[in-house]
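Undergrad: Next up, work26.cif (mmCIF, C-alpha atoms).
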data_data
loop_
_atom_site.group_PDB
_atom_site.id
_atom_site.type_symbol
_atom_site.label_atom_id
_atom_site.label_comp_id
_atom_site.auth_asym_id
_atom_site.auth_seq_id
_atom_site.Cartn_x
_atom_site.Cartn_y
_atom_site.Cartn_z
ATOM 1 C CA MET D 1 -2.499 -111.520 -64.980
ATOM 2 C CA ASN D 2 -5.508 -110.334 -66.857
ATOM 3 C CA ASN D 3 -5.489 -108.375 -70.073
ATOM 4 C CA ARG D 4 -6.599 -105.131 -68.370
ATOM 5 C CA THR D 5 -3.658 -105.050 -65.986
ATOM 6 C CA SER D 6 -1.082 -105.642 -68.692
ATOM 7 C CA THR D 7 -2.645 -102.943 -70.887
ATOM 8 C CA GLY D 8 -2.580 -100.444 -68.001
ATOM 9 C CA GLN D 9 1.075 -101.195 -67.275
ATOM 10 C CA ALA D 10 1.991 -100.787 -70.942
ATOM 11 C CA ILE D 11 0.272 -97.399 -71.075
ATOM 12 C CA ARG D 12 2.090 -96.248 -67.916
ATOM 13 C CA ARG D 13 5.447 -97.381 -69.332
ATOM 14 C CA ARG D 14 4.856 -95.358 -72.497
ATOM 15 C CA ALA D 15 3.458 -92.355 -70.671
ATOM 16 C CA LEU D 16 6.298 -92.081 -68.172
ATOM 17 C CA PRO D 17 8.918 -90.835 -70.695
ATOM 18 C CA ALA D 18 6.435 -88.292 -72.078
ATOM 19 C CA LEU D 19 5.692 -86.977 -68.573
ATOM 20 C CA VAL D 20 9.399 -86.710 -67.771
ATOM 21 C CA ALA D 21 9.989 -84.786 -71.020
ATOM 22 C CA MET D 22 7.115 -82.386 -70.343
ATOM 23 C CA SER D 23 8.226 -81.714 -66.788
ATOM 24 C CA THR D 24 11.779 -81.079 -68.010
ATOM 25 C CA LEU D 25 10.446 -78.497 -70.484
ATOM 26 C CA ALA D 26 8.400 -76.829 -67.776
ATOM 27 C CA PHE D 27 11.512 -76.171 -65.709
ATOM 28 C CA ALA D 28 13.812 -75.339 -68.620
ATOM 29 C CA PRO D 29 15.131 -71.771 -68.821
ATOM 30 C CA GLN D 30 12.673 -69.544 -70.653
ATOM 31 C CA PRO D 31 13.675 -66.753 -73.038
ATOM 32 C CA ALA D 32 13.529 -63.291 -71.512
ATOM 33 C CA PRO D 33 10.570 -61.161 -72.529
ATOM 34 C CA ALA D 34 11.257 -58.398 -75.039
ATOM 35 C CA GLN D 35 12.961 -55.566 -73.224
ATOM 36 C CA GLY D 36 11.663 -52.102 -73.956
ATOM 37 C CA SER D 37 12.487 -48.616 -72.835
ATOM 38 C CA PRO D 38 10.714 -45.274 -73.075
ATOM 39 C CA ASN D 39 12.567 -44.598 -76.345
ATOM 40 C CA ARG D 40 12.151 -48.009 -77.954
ATOM 41 C CA VAL D 41 9.268 -49.937 -79.502
ATOM 42 C CA VAL D 42 9.558 -53.731 -79.625
ATOM 43 C CA ALA D 43 7.314 -55.552 -82.095
ATOM 44 C CA ALA D 44 7.212 -59.005 -83.643
ATOM 45 C CA ILE D 45 6.360 -58.794 -87.325
ATOM 46 C CA SER D 46 6.743 -61.108 -90.285
ATOM 47 C CA SER D 47 8.707 -58.702 -92.464
ATOM 48 C CA ASP D 48 10.870 -55.603 -92.289
ATOM 49 C CA VAL D 49 9.198 -52.219 -92.123
ATOM 50 C CA ALA D 50 10.881 -49.935 -94.652
ATOM 51 C CA THR D 51 9.910 -46.777 -92.772
ATOM 52 C CA LEU D 52 7.480 -45.610 -90.146
ATOM 53 C CA ASP D 53 6.996 -42.328 -92.006
ATOM 54 C CA PRO D 54 3.328 -42.502 -93.038
ATOM 55 C CA THR D 55 3.763 -39.734 -95.606
ATOM 56 C CA ILE D 56 6.136 -41.584 -97.912
ATOM 57 C CA TYR D 57 5.356 -45.287 -97.695
ATOM 58 C CA HIS D 58 2.123 -47.238 -97.538
ATOM 59 C CA ALA D 59 2.985 -50.947 -97.828
ATOM 60 C CA ILE D 60 0.615 -53.092 -95.787
ATOM 61 C CA ILE D 61 3.251 -54.281 -93.304
ATOM 62 C CA SER D 62 4.254 -50.679 -92.567
ATOM 63 C CA PHE D 63 0.601 -49.652 -92.415
ATOM 64 C CA HIS D 64 -0.132 -52.238 -89.728
ATOM 65 C CA ALA D 65 2.898 -51.161 -87.694
ATOM 66 C CA ARG D 66 1.850 -47.513 -87.973
ATOM 67 C CA LEU D 67 -1.659 -48.305 -86.700
ATOM 68 C CA ASN D 68 -0.022 -48.812 -83.313
ATOM 69 C CA ILE D 69 1.877 -45.530 -83.472
ATOM 70 C CA PHE D 70 -0.257 -42.924 -85.273
ATOM 71 C CA ASP D 71 -3.915 -41.990 -85.231
ATOM 72 C CA ALA D 72 -6.208 -40.815 -88.003
ATOM 73 C CA LEU D 73 -9.249 -38.560 -87.957
ATOM 74 C CA THR D 74 -11.607 -41.526 -88.281
ATOM 75 C CA ASP D 75 -11.626 -45.303 -88.128
ATOM 76 C CA ILE D 76 -13.782 -47.974 -89.742
ATOM 77 C CA GLY D 77 -16.351 -49.294 -87.284
ATOM 78 C CA PRO D 78 -18.088 -52.657 -87.067
ATOM 79 C CA GLN D 79 -20.775 -51.616 -89.553
ATOM 80 C CA SER D 80 -18.133 -50.517 -92.110
ATOM 81 C CA THR D 81 -18.929 -46.885 -91.424
ATOM 82 C CA ALA D 82 -16.569 -44.181 -90.225
ATOM 83 C CA VAL D 83 -16.358 -43.775 -86.454
ATOM 84 C CA PRO D 84 -14.518 -41.107 -84.415
ATOM 85 C CA ARG D 85 -10.804 -41.395 -83.754
ATOM 86 C CA LEU D 86 -9.037 -37.996 -83.509
ATOM 87 C CA ALA D 87 -12.152 -36.320 -84.884
ATOM 88 C CA THR D 88 -15.115 -36.126 -82.531
ATOM 89 C CA LYS D 89 -17.531 -35.306 -85.322
ATOM 90 C CA TRP D 90 -17.649 -34.268 -88.956
ATOM 91 C CA GLU D 91 -20.107 -32.787 -91.393
ATOM 92 C CA LYS D 92 -20.401 -33.318 -95.106
ATOM 93 C CA GLY D 93 -21.481 -30.331 -97.189
ATOM 94 C CA ALA D 94 -24.699 -30.682 -99.189
ATOM 95 C CA ASP D 95 -22.695 -31.218 -102.382
ATOM 96 C CA ALA D 96 -20.278 -33.743 -100.720
ATOM 97 C CA LYS D 97 -17.416 -31.456 -101.826
ATOM 98 C CA SER D 98 -16.676 -29.980 -98.407
ATOM 99 C CA TRP D 99 -16.044 -31.872 -95.193
ATOM 100 C CA THR D 100 -15.574 -30.181 -91.820
ATOM 101 C CA PHE D 101 -13.954 -32.201 -89.027
ATOM 102 C CA THR D 102 -13.809 -31.251 -85.345
ATOM 103 C CA ILE D 103 -10.858 -32.779 -83.474
ATOM 104 C CA ARG D 104 -10.540 -33.877 -79.868
ATOM 105 C CA THR D 105 -9.005 -31.361 -77.499
ATOM 106 C CA ASP D 106 -7.480 -34.011 -75.213
ATOM 107 C CA ALA D 107 -5.369 -35.889 -77.806
ATOM 108 C CA LYS D 108 -1.592 -35.768 -77.363
ATOM 109 C CA PHE D 109 1.454 -36.986 -79.237
ATOM 110 C CA HIS D 110 4.034 -39.289 -77.649
ATOM 111 C CA ASN D 111 6.001 -36.318 -76.297
ATOM 112 C CA GLY D 112 2.972 -34.770 -74.601
ATOM 113 C CA ASP D 113 2.364 -32.073 -77.228
ATOM 114 C CA PRO D 114 -1.326 -31.610 -78.051
ATOM 115 C CA VAL D 115 -2.639 -32.654 -81.468
ATOM 116 C CA THR D 116 -3.667 -29.448 -83.238
ATOM 117 C CA ILE D 117 -5.451 -28.460 -86.401
ATOM 118 C CA ASP D 118 -2.065 -27.296 -87.703
ATOM 119 C CA ASP D 119 -0.792 -30.884 -87.319
ATOM 120 C CA VAL D 120 -3.802 -32.198 -89.257
ATOM 121 C CA ILE D 121 -3.270 -29.684 -92.067
ATOM 122 C CA PHE D 122 0.495 -30.348 -92.120
ATOM 123 C CA SER D 123 -0.057 -34.119 -92.365
ATOM 124 C CA TYR D 124 -2.372 -33.803 -95.360
ATOM 125 C CA GLN D 125 -0.487 -30.954 -97.041
ATOM 126 C CA LYS D 126 2.852 -32.770 -96.856
ATOM 127 C CA ILE D 127 1.424 -35.664 -98.826
ATOM 128 C CA MET D 128 -0.419 -33.386 -101.259
ATOM 129 C CA ASP D 129 2.869 -31.577 -102.007
ATOM 130 C CA ASP D 130 4.902 -34.774 -102.509
ATOM 131 C CA GLN D 131 4.422 -35.869 -106.124
ATOM 132 C CA LYS D 132 6.158 -39.202 -105.416
ATOM 133 C CA SER D 133 4.252 -40.214 -102.283
ATOM 134 C CA PRO D 134 2.297 -43.449 -102.809
ATOM 135 C CA THR D 135 -0.072 -42.215 -100.109
ATOM 136 C CA ARG D 136 -0.986 -39.282 -102.357
ATOM 137 C CA VAL D 137 -3.750 -41.308 -103.994
ATOM 138 C CA TYR D 138 -5.823 -40.669 -100.843
ATOM 139 C CA VAL D 139 -5.516 -36.879 -101.122
ATOM 140 C CA ASN D 140 -5.657 -36.335 -104.894
ATOM 141 C CA ASN D 141 -9.249 -35.148 -104.693
ATOM 142 C CA ILE D 142 -8.499 -32.430 -102.115
ATOM 143 C CA ALA D 143 -8.479 -28.969 -103.710
ATOM 144 C CA SER D 144 -7.659 -27.070 -100.514
ATOM 145 C CA ILE D 145 -7.685 -27.283 -96.733
ATOM 146 C CA ASP D 146 -9.013 -24.499 -94.494
ATOM 147 C CA ARG D 147 -8.317 -23.926 -90.832
ATOM 148 C CA VAL D 148 -11.809 -23.044 -89.605
ATOM 149 C CA SER D 149 -10.866 -22.726 -85.923
ATOM 150 C CA ASP D 150 -8.512 -24.184 -83.323
ATOM 151 C CA THR D 151 -10.577 -27.372 -83.362
ATOM 152 C CA GLN D 152 -12.011 -27.483 -86.892
ATOM 153 C CA VAL D 153 -10.594 -28.129 -90.343
ATOM 154 C CA ARG D 154 -12.417 -28.078 -93.686
ATOM 155 C CA PHE D 155 -11.389 -30.162 -96.665
ATOM 156 C CA ASN D 156 -12.578 -28.725 -99.984
ATOM 157 C CA LEU D 157 -12.718 -31.441 -102.625
ATOM 158 C CA LYS D 158 -12.387 -31.129 -106.390
ATOM 159 C CA THR D 159 -15.315 -33.452 -106.979
ATOM 160 C CA PRO D 160 -18.031 -34.828 -104.690
ATOM 161 C CA PHE D 161 -16.856 -37.831 -102.670
ATOM 162 C CA ALA D 162 -19.416 -39.257 -100.240
ATOM 163 C CA PRO D 163 -17.055 -41.713 -98.466
ATOM 164 C CA PHE D 164 -14.368 -39.109 -97.655
ATOM 165 C CA ASP D 165 -14.852 -39.772 -93.941
ATOM 166 C CA ARG D 166 -13.812 -43.403 -94.533
ATOM 167 C CA ASN D 167 -10.893 -42.278 -96.673
ATOM 168 C CA ALA D 168 -9.641 -40.297 -93.674
ATOM 169 C CA THR D 169 -8.996 -43.571 -91.814
ATOM 170 C CA VAL D 170 -5.754 -44.236 -93.725
ATOM 171 C CA MET D 171 -4.244 -40.785 -93.261
ATOM 172 C CA ALA D 172 -1.985 -40.735 -90.201
ATOM 173 C CA ILE D 173 -1.805 -37.441 -88.344
ATOM 174 C CA ILE D 174 1.778 -36.565 -87.494
ATOM 175 C CA SER D 175 3.273 -33.885 -85.297
ATOM 176 C CA LYS D 176 4.372 -30.951 -87.463
ATOM 177 C CA LYS D 177 6.941 -29.903 -84.860
ATOM 178 C CA GLY D 178 8.190 -33.450 -84.296
ATOM 179 C CA TYR D 179 8.479 -34.185 -88.004
ATOM 180 C CA GLN D 180 10.355 -30.981 -88.731
ATOM 181 C CA GLU D 181 12.733 -31.569 -85.796
ATOM 182 C CA MET D 182 13.395 -35.150 -86.902
ATOM 183 C CA TRP D 183 14.347 -34.125 -90.431
ATOM 184 C CA ALA D 184 16.356 -31.136 -89.193
ATOM 185 C CA GLU D 185 18.656 -33.582 -87.356
ATOM 186 C CA GLU D 186 19.519 -35.544 -90.480
#
Spell out the structure here as structure tokens.

TA:
Amino acid sequence: MNNRTSTGQAIRRRALPALVAMSTLAFAPQPAPAQGSPNRVVAAISSDVATLDPTIYHAIISFHARLNIFDALTDIGPQSTAVPRLATKWEKGADAKSWTFTIRTDAKFHNGDPVTIDDVIFSYQKIMDDQKSPTRVYVNNIASIDRVSDTQVRFNLKTPFAPFDRNATVMAIISKKGYQEMWAEE
């Protein structure tokens, strides 16, 4: 018997148990996929989410979970500039103290209700009024908010802030009606 034949047989003898083990794993019962329902969100995350309420908590793990649930007026695009999300366009005043955003007319919340300017104002105002909200740091420079029309909102800032459109990326827009109904139940 030559050396090649004995080496080939030795490799086959060692490989056979590995092949049997792999084939056994292939036919082993697999865990069931996560089961969801219309009223349930299933997510795999590395830590607990304290709350999904974007107005009272802003820890990074909660923030990442909320990115899959809520939308903001803008998002950060590939060039690190603000790109449309719920807002279709926006204009900065000449002094960078006023910002007017126009929102999409086809955006809807999970329950089918349309996203309105009143929801945008409510989302910002709720945080502005909550002295304890850690998210408040993103709205501290807002002096007032004006409803310009059914599709436009104007943010009047205390001081000029050129990157306000990028700041809007972290502010989740919530349903005023849905939020008030949720808290009315508790």

Undergrad: Applying 8 Å and all atoms listed in the file, which residues near D:Pro160 remain after dropping the ones on its own chain fewer than 3 positions away? List them as a list in words.

TA: Asp95, Ala96, Lys97 and Leu157 of chain D

Undergrad: Could you give me, as an MDAnalysis selection string, the residues within 12 Å of D:Val153, counting only C-alpha atoms and dropping anything in the same chain fewer than 3 positions from it?

TA: chainID D and resid 73 87 89:91 98:104 116:122 124 144:150 156

Undergrad: Go ahead and dump the residues you just picked, C-alpha atoms, as a PDB file, keeping the file's coordinate frame.

TA:
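And here is the file that came out, result-v8.pdb:
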ATOM      1  CA  LEU D  73      -9.249 -38.560 -87.957  1.00  0.00           C
ATOM      2  CA  ALA D  87     -12.152 -36.320 -84.884  1.00  0.00           C
ATOM      3  CA  LYS D  89     -17.531 -35.306 -85.322  1.00  0.00           C
ATOM      4  CA  TRP D  90     -17.649 -34.268 -88.956  1.00  0.00           C
ATOM      5  CA  GLU D  91     -20.107 -32.787 -91.393  1.00  0.00           C
ATOM      6  CA  SER D  98     -16.676 -29.980 -98.407  1.00  0.00           C
ATOM      7  CA  TRP D  99     -16.044 -31.872 -95.193  1.00  0.00           C
ATOM      8  CA  THR D 100     -15.574 -30.181 -91.820  1.00  0.00           C
ATOM      9  CA  PHE D 101     -13.954 -32.201 -89.027  1.00  0.00           C
ATOM     10  CA  THR D 102     -13.809 -31.251 -85.345  1.00  0.00           C
ATOM     11  CA  ILE D 103     -10.858 -32.779 -83.474  1.00  0.00           C
ATOM     12  CA  ARG D 104     -10.540 -33.877 -79.868  1.00  0.00           C
ATOM     13  CA  THR D 116      -3.667 -29.448 -83.238  1.00  0.00           C
ATOM     14  CA  ILE D 117      -5.451 -28.460 -86.401  1.00  0.00           C
ATOM     15  CA  ASP D 118      -2.065 -27.296 -87.703  1.00  0.00           C
ATOM     16  CA  ASP D 119      -0.792 -30.884 -87.319  1.00  0.00           C
ATOM     17  CA  VAL D 120      -3.802 -32.198 -89.257  1.00  0.00           C
ATOM     18  CA  ILE D 121      -3.270 -29.684 -92.067  1.00  0.00           C
ATOM     19  CA  PHE D 122       0.495 -30.348 -92.120  1.00  0.00           C
ATOM     20  CA  TYR D 124      -2.372 -33.803 -95.360  1.00  0.00           C
ATOM     21  CA  SER D 144      -7.659 -27.070-100.514  1.00  0.00           C
ATOM     22  CA  ILE D 145      -7.685 -27.283 -96.733  1.00  0.00           C
ATOM     23  CA  ASP D 146      -9.013 -24.499 -94.494  1.00  0.00           C
ATOM     24  CA  ARG D 147      -8.317 -23.926 -90.832  1.00  0.00           C
ATOM     25  CA  VAL D 148     -11.809 -23.044 -89.605  1.00  0.00           C
ATOM     26  CA  SER D 149     -10.866 -22.726 -85.923  1.00  0.00           C
ATOM     27  CA  ASP D 150      -8.512 -24.184 -83.323  1.00  0.00           C
ATOM     28  CA  ASN D 156     -12.578 -28.725 -99.984  1.00  0.00           C
TER      29      ASN D 156
END

Undergrad: Quick one: apply the PyMOL selection byres ((chain D and resi 173) around 12) to the file and drop the selected residues here as a PyMOL selection string.

TA: chain D and resi 53-55+66-67+69-74+85-87+103+107-109+114-127+168-172+174-176+178-179

Undergrad: Go ahead and dump the residues you just picked, C-alpha atoms, as a PDB file, in the coordinates of the input.

TA:
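What landed in selection.pdb:
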ATOM      1  CA  ASP D  53       6.996 -42.328 -92.006  1.00  0.00           C
ATOM      2  CA  PRO D  54       3.328 -42.502 -93.038  1.00  0.00           C
ATOM      3  CA  THR D  55       3.763 -39.734 -95.606  1.00  0.00           C
ATOM      4  CA  ARG D  66       1.850 -47.513 -87.973  1.00  0.00           C
ATOM      5  CA  LEU D  67      -1.659 -48.305 -86.700  1.00  0.00           C
ATOM      6  CA  ILE D  69       1.877 -45.530 -83.472  1.00  0.00           C
ATOM      7  CA  PHE D  70      -0.257 -42.924 -85.273  1.00  0.00           C
ATOM      8  CA  ASP D  71      -3.915 -41.990 -85.231  1.00  0.00           C
ATOM      9  CA  ALA D  72      -6.208 -40.815 -88.003  1.00  0.00           C
ATOM     10  CA  LEU D  73      -9.249 -38.560 -87.957  1.00  0.00           C
ATOM     11  CA  THR D  74     -11.607 -41.526 -88.281  1.00  0.00           C
ATOM     12  CA  ARG D  85     -10.804 -41.395 -83.754  1.00  0.00           C
ATOM     13  CA  LEU D  86      -9.037 -37.996 -83.509  1.00  0.00           C
ATOM     14  CA  ALA D  87     -12.152 -36.320 -84.884  1.00  0.00           C
ATOM     15  CA  ILE D 103     -10.858 -32.779 -83.474  1.00  0.00           C
ATOM     16  CA  ALA D 107      -5.369 -35.889 -77.806  1.00  0.00           C
ATOM     17  CA  LYS D 108      -1.592 -35.768 -77.363  1.00  0.00           C
ATOM     18  CA  PHE D 109       1.454 -36.986 -79.237  1.00  0.00           C
ATOM     19  CA  PRO D 114      -1.326 -31.610 -78.051  1.00  0.00           C
ATOM     20  CA  VAL D 115      -2.639 -32.654 -81.468  1.00  0.00           C
ATOM     21  CA  THR D 116      -3.667 -29.448 -83.238  1.00  0.00           C
ATOM     22  CA  ILE D 117      -5.451 -28.460 -86.401  1.00  0.00           C
ATOM     23  CA  ASP D 118      -2.065 -27.296 -87.703  1.00  0.00           C
ATOM     24  CA  ASP D 119      -0.792 -30.884 -87.319  1.00  0.00           C
ATOM     25  CA  VAL D 120      -3.802 -32.198 -89.257  1.00  0.00           C
ATOM     26  CA  ILE D 121      -3.270 -29.684 -92.067  1.00  0.00           C
ATOM     27  CA  PHE D 122       0.495 -30.348 -92.120  1.00  0.00           C
ATOM     28  CA  SER D 123      -0.057 -34.119 -92.365  1.00  0.00           C
ATOM     29  CA  TYR D 124      -2.372 -33.803 -95.360  1.00  0.00           C
ATOM     30  CA  GLN D 125      -0.487 -30.954 -97.041  1.00  0.00           C
ATOM     31  CA  LYS D 126       2.852 -32.770 -96.856  1.00  0.00           C
ATOM     32  CA  ILE D 127       1.424 -35.664 -98.826  1.00  0.00           C
ATOM     33  CA  ALA D 168      -9.641 -40.297 -93.674  1.00  0.00           C
ATOM     34  CA  THR D 169      -8.996 -43.571 -91.814  1.00  0.00           C
ATOM     35  CA  VAL D 170      -5.754 -44.236 -93.725  1.00  0.00           C
ATOM     36  CA  MET D 171      -4.244 -40.785 -93.261  1.00  0.00           C
ATOM     37  CA  ALA D 172      -1.985 -40.735 -90.201  1.00  0.00           C
ATOM     38  CA  ILE D 174       1.778 -36.565 -87.494  1.00  0.00           C
ATOM     39  CA  SER D 175       3.273 -33.885 -85.297  1.00  0.00           C
ATOM     40  CA  LYS D 176       4.372 -30.951 -87.463  1.00  0.00           C
ATOM     41  CA  GLY D 178       8.190 -33.450 -84.296  1.00  0.00           C
ATOM     42  CA  TYR D 179       8.479 -34.185 -88.004  1.00  0.00           C
TER      43      TYR D 179
END

Undergrad: Can you tell me how far atom CA of D:Asn141 sits from atom CA of D:Lys158, in Å to one decimal?

TA: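 Taking atom CA of D:Asn141 and atom CA of D:Lys158, their separation equals 5.4 Å.
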
Undergrad: Please compute the atom CA of D:Ala65-atom CA of D:Asn140 distance, one decimal, in Å.

TA: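 Separation between atom CA of D:Ala65 and atom CA of D:Asn140: 24.3 Å.
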
Undergrad: Provide the atom CA of D:Ala162 to atom CA of D:Thr81 distance in Å, to one decimal place.

TA: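 Going from atom CA of D:Ala162 over to atom CA of D:Thr81 covers 11.7 Å.
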
Undergrad: Specify the axis-aligned box that encloses all atoms of stretch 166-169 of chain D listed in the file after padding of 8 Å on each side, stating its centre and edge lengths in Å to one decimal as JSON.

TA:
{"center_x": -11.4, "center_y": -41.9, "center_z": -94.2, "size_x": 20.8, "size_y": 19.3, "size_z": 20.9}

Undergrad: Have a look at D:Arg166, D:Arg154, D:His110, D:Arg136 and name the one nearest to D:Asn68; count all atoms listed in the file.

TA: D:His110

Undergrad: Residue by residue, what does the PyMOL selection byres ((chain D and resi 46) around 12) grab here? Present the result as a PDB file with C-alpha atoms, in the coordinates of the input.

TA:
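Generated output (part-v1.pdb):
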ATOM      1  CA  ALA D  43       7.314 -55.552 -82.095  1.00  0.00           C
ATOM      2  CA  ALA D  44       7.212 -59.005 -83.643  1.00  0.00           C
ATOM      3  CA  ILE D  45       6.360 -58.794 -87.325  1.00  0.00           C
ATOM      4  CA  SER D  47       8.707 -58.702 -92.464  1.00  0.00           C
ATOM      5  CA  ASP D  48      10.870 -55.603 -92.289  1.00  0.00           C
ATOM      6  CA  VAL D  49       9.198 -52.219 -92.123  1.00  0.00           C
ATOM      7  CA  ILE D  60       0.615 -53.092 -95.787  1.00  0.00           C
ATOM      8  CA  ILE D  61       3.251 -54.281 -93.304  1.00  0.00           C
ATOM      9  CA  SER D  62       4.254 -50.679 -92.567  1.00  0.00           C
ATOM     10  CA  HIS D  64      -0.132 -52.238 -89.728  1.00  0.00           C
ATOM     11  CA  ALA D  65       2.898 -51.161 -87.694  1.00  0.00           C
TER      12      ALA D  65
END

Undergrad: Kindly indicate which residue among D:Asp113, D:Asn167, D:Lys177, D:Trp183 lies nearest to D:Ser80, using all atoms listed in the file for the distances.

TA: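 So, comparing all the options, the nearest one is D:Asn167.
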
Undergrad: Give the answer as one residue: which of D:Ala50, D:Ala82, D:Ala59, D:Met128 has the shortest atom-to-atom distance to D:Ala143, using all atoms listed in the file?

TA: D:Met128

Undergrad: For D:Phe164, which of D:Asp75, D:Gln131, D:Thr88, D:Gln152 is the closest residue, counting all atoms listed in the file?

TA: D:Asp75
